[in-house]
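Pasting run.cif here (mmCIF, C-alpha atoms):
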data_run
#
loop_
_atom_site.label_atom_id
_atom_site.label_comp_id
_atom_site.auth_asym_id
_atom_site.auth_seq_id
_atom_site.Cartn_x
_atom_site.Cartn_y
_atom_site.Cartn_z
CA MET J 1 0.00 0.00 0.00
CA SER J 2 1.34 3.44 -0.98
CA VAL J 3 1.04 6.51 1.26
CA VAL J 4 1.08 10.23 0.46
CA TRP J 5 1.65 12.91 3.08
CA ILE J 6 0.08 16.33 2.49
CA ILE J 7 1.81 19.26 4.19
CA SER J 8 -1.08 21.67 4.82
CA ASP J 9 -0.82 25.26 6.03
CA GLY J 10 -4.53 25.25 6.94
CA LYS J 11 -5.58 27.48 4.04
CA GLN J 12 -8.51 25.90 2.19
CA GLY J 13 -7.37 27.05 -1.25
CA HIS J 14 -3.96 25.45 -0.82
CA PHE J 15 -5.43 22.28 0.69
CA ASN J 16 -7.90 21.98 -2.20
CA GLN J 17 -4.97 21.83 -4.63
CA SER J 18 -3.37 18.96 -2.72
CA LEU J 19 -6.73 17.27 -2.24
CA GLY J 20 -7.52 17.51 -5.94
CA LEU J 21 -4.31 15.70 -6.82
CA CYS J 22 -4.65 13.07 -4.09
CA ASP J 23 -8.30 12.39 -4.99
CA ALA J 24 -7.21 11.81 -8.58
CA LEU J 25 -4.43 9.48 -7.43
CA GLN J 26 -6.89 7.52 -5.29
CA ARG J 27 -9.22 7.05 -8.26
CA LEU J 28 -6.31 5.37 -10.04
CA ARG J 29 -4.91 3.64 -6.94
CA PRO J 30 -7.89 2.99 -4.60
CA SER J 31 -5.62 1.55 -1.90
CA LEU J 32 -3.63 4.79 -1.65
CA GLN J 33 -3.58 6.22 1.89
CA VAL J 34 -3.37 9.98 2.48
CA GLU J 35 -2.20 11.65 5.70
CA THR J 36 -2.20 15.38 6.45
CA ILE J 37 0.34 17.12 8.68
CA ALA J 38 1.10 20.73 9.53
CA PRO J 39 4.35 22.43 8.46
CA PHE J 40 7.17 22.57 10.98
CA THR J 41 8.40 25.78 12.53
CA PRO J 42 11.60 27.27 11.06
CA HIS J 43 13.46 26.08 14.17
CA GLN J 44 12.18 22.51 13.73
CA ASN J 45 13.13 22.57 10.06
CA MET J 46 16.66 23.69 10.88
CA LEU J 47 17.04 20.92 13.48
CA LEU J 48 15.86 18.34 10.93
CA ALA J 49 18.23 19.70 8.31
CA MET J 50 21.06 19.38 10.85
CA GLY J 51 20.22 15.70 11.42
CA PHE J 52 18.31 15.86 14.71
CA ALA J 53 15.52 13.35 15.38
CA LEU J 54 12.06 13.67 13.88
CA PRO J 55 9.35 15.06 16.17
CA ASP J 56 7.70 12.24 18.09
CA GLU J 57 4.34 12.47 16.29
CA ILE J 58 6.02 12.42 12.88
CA SER J 59 8.25 9.52 13.86
CA THR J 60 5.17 7.56 15.00
CA LEU J 61 3.31 8.35 11.79
CA HIS J 62 6.33 7.36 9.74
CA THR J 63 6.49 4.02 11.53
CA GLN J 64 2.78 3.41 10.93
CA ALA J 65 2.48 4.79 7.39
CA PRO J 66 5.84 5.61 5.72
CA PRO J 67 5.18 7.89 2.74
CA SER J 68 6.13 7.29 -0.87
CA MET J 69 5.57 10.95 -1.73
CA ILE J 70 5.17 14.28 0.08
CA VAL J 71 2.85 16.90 -1.45
CA CYS J 72 2.76 20.58 -0.50
CA ALA J 73 1.07 23.85 -1.49
CA GLY J 74 1.61 27.25 0.14
CA HIS J 75 5.01 28.87 0.67
CA SER J 76 5.16 28.03 4.38
CA THR J 77 5.01 24.30 3.56
CA HIS J 78 7.95 24.10 1.16
CA PHE J 79 10.83 23.88 3.64
CA THR J 80 9.05 21.15 5.61
CA ALA J 81 8.43 19.11 2.45
CA LEU J 82 12.09 19.40 1.46
CA THR J 83 13.51 18.53 4.87
CA LEU J 84 11.17 15.55 5.27
CA GLY J 85 11.83 14.39 1.73
CA TRP J 86 15.57 14.51 2.36
CA ARG J 87 15.40 12.83 5.77
CA LEU J 88 12.95 10.10 4.73
CA LYS J 89 14.37 9.70 1.21
CA VAL J 90 10.99 10.07 -0.52
CA LYS J 91 9.73 12.05 -3.50
CA THR J 92 8.63 15.66 -3.02
CA LEU J 93 5.99 17.43 -5.09
CA VAL J 94 5.00 21.09 -4.93
CA LEU J 95 1.74 22.45 -6.37
CA MET J 96 2.85 25.97 -7.29
CA LYS J 97 5.91 27.96 -8.26
CA PRO J 98 8.13 27.11 -5.28
CA SER J 99 9.96 29.38 -2.85
CA PHE J 100 13.15 27.41 -3.51
CA PRO J 101 14.74 26.45 -6.84
CA PRO J 102 12.38 24.04 -8.66
CA SER J 103 15.28 21.62 -9.11
CA TRP J 104 15.18 20.95 -5.35
CA PHE J 105 11.81 19.20 -5.75
CA ASP J 106 11.23 15.94 -7.58
CA LEU J 107 8.17 17.40 -9.34
CA CYS J 108 6.62 20.87 -9.60
CA LEU J 109 3.06 21.33 -10.87
CA ILE J 110 3.08 25.02 -11.80
CA PRO J 111 0.19 26.95 -13.39
CA ALA J 112 1.06 28.00 -16.94
CA HIS J 113 0.22 31.63 -16.12
CA ASP J 114 3.31 31.62 -13.84
CA GLN J 115 5.42 30.95 -16.95
CA PRO J 116 7.42 27.98 -15.61
CA THR J 117 10.63 26.99 -17.35
CA SER J 118 10.81 23.76 -19.30
CA ALA J 119 12.29 20.87 -17.30
CA ARG J 120 11.61 17.19 -16.74
CA ASN J 121 10.55 17.86 -13.15
CA ILE J 122 8.09 20.64 -14.11
CA ILE J 123 4.56 20.19 -15.45
CA ALA J 124 2.71 23.32 -16.53
CA THR J 125 -0.97 23.14 -15.54
CA ARG J 126 -3.98 25.11 -16.71
CA GLY J 127 -4.76 26.84 -13.44
CA ALA J 128 -4.43 25.43 -9.95
CA LEU J 129 -5.58 21.87 -9.34
CA ASN J 130 -8.85 21.33 -7.49
CA PRO J 131 -11.06 18.43 -6.32
CA MET J 132 -14.14 19.25 -8.43
CA ARG J 133 -15.84 16.43 -10.35
CA PRO J 134 -18.71 16.54 -12.88
CA ASP J 135 -21.95 14.64 -12.28
CA SER J 136 -25.12 14.18 -14.33
CA LYS J 137 -26.05 17.64 -15.51
CA LYS J 138 -29.58 18.97 -14.94
CA PRO J 139 -30.88 20.51 -18.20
CA ASN J 140 -31.40 24.27 -18.34
CA THR J 141 -29.60 25.03 -15.10
CA GLY J 142 -27.09 27.76 -14.47
CA ILE J 143 -25.15 29.25 -11.58
CA ILE J 144 -23.66 32.73 -11.25
CA LEU J 145 -20.69 33.17 -8.91
CA ILE J 146 -20.16 36.72 -7.66
CA GLY J 147 -16.83 37.78 -6.17
CA GLY J 148 -15.82 41.27 -5.13
CA PRO J 149 -13.03 43.84 -5.13
CA SER J 150 -9.52 42.44 -4.84
CA LYS J 151 -5.91 43.53 -5.15
CA HIS J 152 -6.13 42.80 -8.89
CA HIS J 153 -9.63 44.15 -9.65
CA HIS J 154 -11.81 47.20 -9.07
CA TRP J 155 -15.53 46.67 -8.40
CA ASP J 156 -18.03 48.51 -10.63
CA GLU J 157 -21.41 47.46 -9.25
CA GLN J 158 -23.48 49.11 -11.98
CA SER J 159 -21.47 47.41 -14.73
CA LEU J 160 -21.95 44.06 -13.00
CA PHE J 161 -25.73 44.45 -12.77
CA ASP J 162 -25.96 45.66 -16.36
CA GLN J 163 -24.33 42.37 -17.38
CA LEU J 164 -26.49 40.30 -15.02
CA ASN J 165 -29.71 41.86 -16.26
CA ASP J 166 -28.66 41.28 -19.85
CA ILE J 167 -27.94 37.60 -19.20
CA LEU J 168 -31.07 36.99 -17.13
CA THR J 169 -33.22 38.62 -19.82
CA LYS J 170 -31.73 36.83 -22.81
CA ASP J 171 -30.80 33.40 -21.38
CA GLN J 172 -33.78 31.65 -19.84
CA GLN J 173 -32.11 29.11 -17.53
CA ASP J 174 -33.03 28.24 -13.96
CA TRP J 175 -30.45 30.60 -12.48
CA LEU J 176 -28.90 30.24 -9.04
CA ILE J 177 -26.68 33.05 -7.72
CA THR J 178 -24.19 32.90 -4.86
CA THR J 179 -21.45 35.17 -3.54
CA SER J 180 -18.05 35.13 -1.83
CA ARG J 181 -16.65 36.63 1.35
CA ARG J 182 -15.38 39.58 -0.77
CA THR J 183 -18.84 40.57 -2.04
CA PRO J 184 -19.74 44.06 -0.71
CA ASP J 185 -22.95 44.54 1.30
CA SER J 186 -24.32 46.94 -1.31
CA THR J 187 -23.96 44.23 -3.98
CA LEU J 188 -25.66 41.70 -1.68
CA ASN J 189 -28.64 44.02 -1.21
CA ARG J 190 -29.09 44.42 -4.96
CA LEU J 191 -28.78 40.67 -5.53
CA TYR J 192 -31.61 40.05 -3.07
CA ALA J 193 -33.79 42.33 -5.23
CA LEU J 194 -33.24 40.41 -8.49
CA GLN J 195 -36.33 38.74 -9.92
CA ASN J 196 -36.73 35.19 -11.27
CA VAL J 197 -33.50 33.85 -9.72
CA THR J 198 -32.64 31.86 -6.63
CA PHE J 199 -30.16 33.77 -4.50
CA VAL J 200 -28.11 31.99 -1.79
CA PRO J 201 -25.40 34.17 -0.17
CA HIS J 202 -22.21 32.35 0.70
CA THR J 203 -22.95 32.73 4.41
CA LYS J 204 -25.93 30.37 3.95
CA THR J 205 -24.03 27.65 2.09
CA PRO J 206 -22.80 24.58 4.03
CA GLN J 207 -19.48 22.82 3.41
CA GLY J 208 -19.52 21.11 0.01
CA TRP J 209 -22.61 22.95 -1.24
CA LEU J 210 -20.91 24.78 -4.10
CA ALA J 211 -19.09 21.67 -5.34
CA ALA J 212 -22.41 19.80 -5.43
CA GLN J 213 -24.08 22.64 -7.36
CA LEU J 214 -21.30 22.92 -9.93
CA ALA J 215 -21.26 19.15 -10.46
CA THR J 216 -24.88 19.08 -11.68
CA THR J 217 -25.21 22.53 -13.28
CA GLU J 218 -24.86 22.99 -17.04
CA TYR J 219 -23.78 26.62 -17.22
CA ALA J 220 -21.71 28.88 -14.96
CA TRP J 221 -20.96 32.58 -15.03
CA VAL J 222 -18.06 33.75 -12.84
CA THR J 223 -16.88 37.29 -12.18
CA ALA J 224 -13.37 37.82 -13.57
CA ASP J 225 -11.86 38.47 -10.13
CA SER J 226 -12.68 34.88 -9.03
CA VAL J 227 -10.03 33.12 -11.09
CA SER J 228 -9.89 29.92 -9.02
CA MET J 229 -13.66 29.52 -9.43
CA VAL J 230 -13.31 29.69 -13.21
CA TYR J 231 -11.06 26.64 -13.13
CA GLU J 232 -13.28 24.86 -10.59
CA ALA J 233 -16.35 25.39 -12.76
CA LEU J 234 -14.47 24.07 -15.80
CA THR J 235 -13.30 21.01 -13.87
CA ALA J 236 -16.90 20.39 -12.76
CA GLY J 237 -17.88 20.16 -16.43
CA CYS J 238 -19.75 23.46 -16.75
CA ALA J 239 -19.82 25.64 -19.83
CA VAL J 240 -18.21 28.76 -18.35
CA GLY J 241 -18.69 32.46 -19.01
CA VAL J 242 -16.69 35.24 -17.36
CA LEU J 243 -18.30 38.51 -16.33
CA ASP J 244 -16.23 41.64 -16.99
CA VAL J 245 -14.61 43.22 -13.93
CA GLN J 246 -12.15 46.05 -14.47
CA GLU J 247 -8.52 45.15 -13.75
CA ARG J 248 -6.34 47.38 -11.61
CA GLN J 249 -3.47 46.27 -13.83
CA SER J 250 -2.71 43.35 -16.11
CA ASN J 251 -1.40 40.38 -14.15
CA ARG J 252 -0.54 36.71 -14.61
CA LEU J 253 -3.97 35.47 -13.44
CA THR J 254 -5.96 37.62 -15.81
CA ARG J 255 -3.59 36.76 -18.66
CA GLY J 256 -4.41 33.12 -17.97
CA ILE J 257 -8.14 33.86 -18.28
CA GLN J 258 -7.53 35.69 -21.55
CA GLY J 259 -5.66 32.66 -22.85
CA LEU J 260 -8.61 30.38 -22.01
CA ALA J 261 -10.91 32.73 -23.91
CA GLU J 262 -8.65 32.83 -26.96
CA GLU J 263 -8.59 29.03 -27.18
CA GLY J 264 -12.38 28.84 -26.78
CA THR J 265 -12.37 27.09 -23.40
CA ILE J 266 -14.39 29.89 -21.75
CA THR J 267 -16.57 32.71 -23.05
CA LEU J 268 -16.00 36.31 -22.03
CA TYR J 269 -19.12 38.44 -21.60
CA SER J 270 -18.07 40.57 -24.58
CA GLN J 271 -17.95 37.40 -26.71
CA TRP J 272 -21.29 36.17 -25.39
CA THR J 273 -23.06 39.34 -26.47
CA GLN J 274 -22.23 38.44 -30.08
CA LYS J 275 -23.56 34.84 -30.06
CA LEU J 276 -25.63 34.55 -26.82
CA GLN J 277 -24.11 31.14 -26.12
CA LEU J 278 -21.44 29.74 -23.81
CA SER J 279 -18.76 27.51 -25.29
CA LYS J 280 -18.53 23.98 -23.93
CA SER J 281 -14.92 22.99 -23.34
CA GLY J 282 -15.37 19.22 -22.99
CA VAL J 283 -13.25 17.36 -20.44
CA PHE J 284 -11.09 19.68 -18.33
CA ASN J 285 -9.33 17.82 -15.52
CA GLU J 286 -5.75 18.77 -14.78
CA ALA J 287 -5.64 16.72 -11.57
CA ASP J 288 -6.30 13.49 -13.46
CA ARG J 289 -3.68 14.37 -16.07
CA CYS J 290 -1.04 15.05 -13.41
CA ALA J 291 -1.96 11.92 -11.44
CA GLU J 292 -1.48 9.78 -14.53
CA GLU J 293 1.95 11.33 -15.08
CA ILE J 294 2.99 10.55 -11.49
CA LEU J 295 1.98 6.91 -11.92
CA LYS J 296 3.88 6.75 -15.22
CA ARG J 297 6.98 7.75 -13.28
CA GLY J 298 6.45 4.76 -10.98
CA TRP J 299 6.33 6.73 -7.74
CA LEU J 300 3.30 4.98 -6.22
#

Final C-alpha cells representation of the file:
Amino acid sequence: MSVVWIISDGKQGHFNQSLGLCDALQRLRPSLQVETIAPFTPHQNMLLAMGFALPDEISTLHTQAPPSMIVCAGHSTHFTALTLGWRLKVKTLVLMKPSFPPSWFDLCLIPAHDQPTSARNIIATRGALNPMRPDSKKPNTGIILIGGPSKHHHWDEQSLFDQLNDILTKDQQDWLITTSRRTPDSTLNRLYALQNVTFVPHTKTPQGWLAAQLATTEYAWVTADSVSMVYEALTAGCAVGVLDVQERQSNRLTRGIQGLAEEGTITLYSQWTQKLQLSKSGVFNEADRCAEEILKRGWL
C-alpha cells in the first residue's frame, strides 16, 4: 500500500490543490492512503536539516504509514516538504511555483500563467488543481458566482448588474446566484432584489454545497476576479462564461483567463453578447492528467 503525506498550512485554497491531486491518485490507486500534517516551525526545520531526530508524532506516523511521496502547497510548507523528503528519502511534489529552486523538488506542478521553465521535473498546468468532479447535468440550469473587489480588480457594481440583467433577460435558464466573502454589502442588497432567480449568499451555504451545485449545473458565469472559481467550474464540467470586472493592472492570473478565452475554453461576456451562447470545453481535468503522469513515473 502506498502513502502520500500532504503538508497543509490550513488554508482551504492550498489544501484543495493537494486534495484535488490526491483524490485523482486515489481514483487510479484505490488503496492509496493519504495523511495530512502541519508544516514545521523554522526552528524545527533547521534541526531536521542538521540531522536531529524527527518530532515524536512524525516519527510515530512514519512508523505506521511511511510515505512514498510528500505533497505541499503554500510557501510556508515548502521547507518542511524538502527537509522531510531529504530525511525520509521520498519524492517531493509542490503544487505551485516554489519558494526554492524548482530543481530541489522531484516534481513541480506550476500553473502555466506563472510561466514555468521547461524541465523534466516541471509540469505546466492550466490553473491550480482542485477536487471538483462533474456529475449528471440537470438541463437548463445555471449558476452565477459573484466575487468582489480584490488587489487585482476594481468593483463597478453598476457594470456588474448591467451584465447580469442582460444575461437573465436573454438566457432563460433556472439561475442560481451565490457570492463570496469579498462581495460588498451593497452588492448583496441588490442581488436580493433580483427577480426570477434563486439567491443563496455564501454565508448560507454549508461545506460542500458549491461543489455539489457545480457538479450538476450545465452553465456557470463567474466574475473575472474569481479566477480559481473559473477553473473549478471548468473542472466540474460546466460551460463557463466570465463577467467583466475592471482590472487594476494586467497580471498573470488575468492573462491566464484571456488565454482560455482565446482558445475557446471559456466565453467572455463581450464574446457572449455576439452569439448569446457559452462555449462547452469538454473534459477539463488537470488533476487526473497530473496523477497519470505521477503513476507513469512509478512513484506509487

With a cut-off of 12 Å, could you pull out the residues of region 92-141 of chain J touching region 21-35 of chain J and give me the nearest pair of atoms for each, distance in Å to one decimal, using all atoms listed in the file, ordered by chain and ascending number, as a Markdown table?
| residue | atom | partner | partner_atom | distance |
| --- | --- | --- | --- | --- |
| J:Leu93 | CA | J:Leu21 | CA | 10.6 |
| J:Val94 | CA | J:Leu21 | CA | 10.9 |
| J:Leu95 | CA | J:Leu21 | CA | 9.1 |
| J:Leu109 | CA | J:Leu21 | CA | 10.1 |
| J:Thr125 | CA | J:Leu21 | CA | 11.9 |
| J:Ala128 | CA | J:Leu21 | CA | 10.2 |
| J:Leu129 | CA | J:Leu21 | CA | 6.8 |
| J:Asn130 | CA | J:Leu21 | CA | 7.3 |
| J:Pro131 | CA | J:Asp23 | CA | 6.8 |
| J:Met132 | CA | J:Asp23 | CA | 9.6 |
| J:Arg133 | CA | J:Ala24 | CA | 9.9 |

So, with only C-alpha atoms as the atoms that count, which of J:Gln12, J:Asn285, J:Gln173, J:Thr178 lies closest to Asn140 (chain J)?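 Nearest to Asn140 (chain J): J:Gln173.
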
Which neighbours of Lys204 (chain J) fall inside 10 Å, counting all atoms listed in the file, when residues of the same chain fewer than 3 positions from it are skipped, and could you give them as an mmCIF file with C-alpha atoms, keeping the file's coordinate frame?
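Everything below was put into part_10.cif:
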data_model
loop_
_atom_site.group_PDB
_atom_site.id
_atom_site.type_symbol
_atom_site.label_atom_id
_atom_site.label_comp_id
_atom_site.auth_asym_id
_atom_site.auth_seq_id
_atom_site.Cartn_x
_atom_site.Cartn_y
_atom_site.Cartn_z
ATOM 1 C CA THR J 178 -24.190 32.900 -4.860
ATOM 2 C CA THR J 179 -21.450 35.170 -3.540
ATOM 3 C CA VAL J 200 -28.110 31.990 -1.790
ATOM 4 C CA PRO J 201 -25.400 34.170 -0.170
ATOM 5 C CA GLN J 207 -19.480 22.820 3.410
ATOM 6 C CA TRP J 209 -22.610 22.950 -1.240
#

Between J:Arg190, J:His113, J:His14, J:Lys280, which is the closest to Thr235 (chain J) once you count only C-alpha atoms?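 Looking at the shortest contact to Thr235 (chain J), the residue is J:Lys280.
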
Within 9 Å of region 77-91 of chain J, counting all atoms listed in the file, which residues qualify if same-chain residues fewer than 6 places away don't, as JSON, numbers by chain? {"J": [6, 7, 8, 9, 38, 39, 40, 41, 42, 44, 45, 46, 48, 49, 51, 54, 62, 66, 67, 68, 69, 70, 71, 98, 99, 100, 104, 105, 106, 107, 299]}

Enter the distance from CA of Ser226 (chain J) to CA of Gly259 (chain J), in Å, rounded to one decimal. 15.7 Å

Kindly provide, as an MDAnalysis selection string, the polymer residues lying within 12 Å of (6.7, 29.1, -16.8), counting all atoms listed in the file and using the coordinates exactly as they appear in the file. chainID J and resid 96:98 102 108:119 122:126 252 256

Would you mind reading off the distance between CA of Tyr219 (chain J) and CA of Ser281 (chain J), one decimal, in Å? 11.4 Å

What box, with edges along x, y and z, holds each listed atom of region 285-295 of chain J when 4 Å is added on every side, and can you state its centre and edge lengths in Å to one decimal, as JSON?
{"center_x": -3.2, "center_y": 12.8, "center_z": -13.8, "size_x": 20.3, "size_y": 19.9, "size_z": 12.6}

Long-range neighbours of Leu276 (chain J) as a list in words, 12 Å cut-off, all atoms listed in the file, 6 positions minimum in chain: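 Counting only the stated atoms, we get Asp166, Ile167, Leu168, Thr169, Lys170, Asp171, Gln172, Gly241, Thr267, Leu268, Tyr269 and Ser270 of chain J.
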
May I have the residues at most 6 Å from (-14.0, 19.8, -15.5) in the file's coordinates, counting all atoms listed in the file, as a short mmCIF file (atom, residue, chain, number, x, y, z; two decimals) with C-alpha atoms, in the coordinates of the input?
data_model
loop_
_atom_site.label_atom_id
_atom_site.label_comp_id
_atom_site.auth_asym_id
_atom_site.auth_seq_id
_atom_site.Cartn_x
_atom_site.Cartn_y
_atom_site.Cartn_z
CA LEU J 234 -14.47 24.07 -15.80
CA THR J 235 -13.30 21.01 -13.87
CA ALA J 236 -16.90 20.39 -12.76
CA GLY J 237 -17.88 20.16 -16.43
CA VAL J 283 -13.25 17.36 -20.44
CA PHE J 284 -11.09 19.68 -18.33
CA ASN J 285 -9.33 17.82 -15.52
#

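Under the PyMOL selection byres ((chain J and resi 181) around 12), the matching residues in the shown file are Leu145, Ile146, Gly147, Gly148, Pro149, Ser150, Thr178, Thr179, Ser180, Arg182, Thr183, Pro184, Asp185, Thr187, Leu188, Pro201, His202, Thr203, Lys204, Thr205 and Ser226 of chain J.
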
In Å to one decimal, how far is CA of Gly10 (chain J) from CA of Met229 (chain J)? 19.2 Å
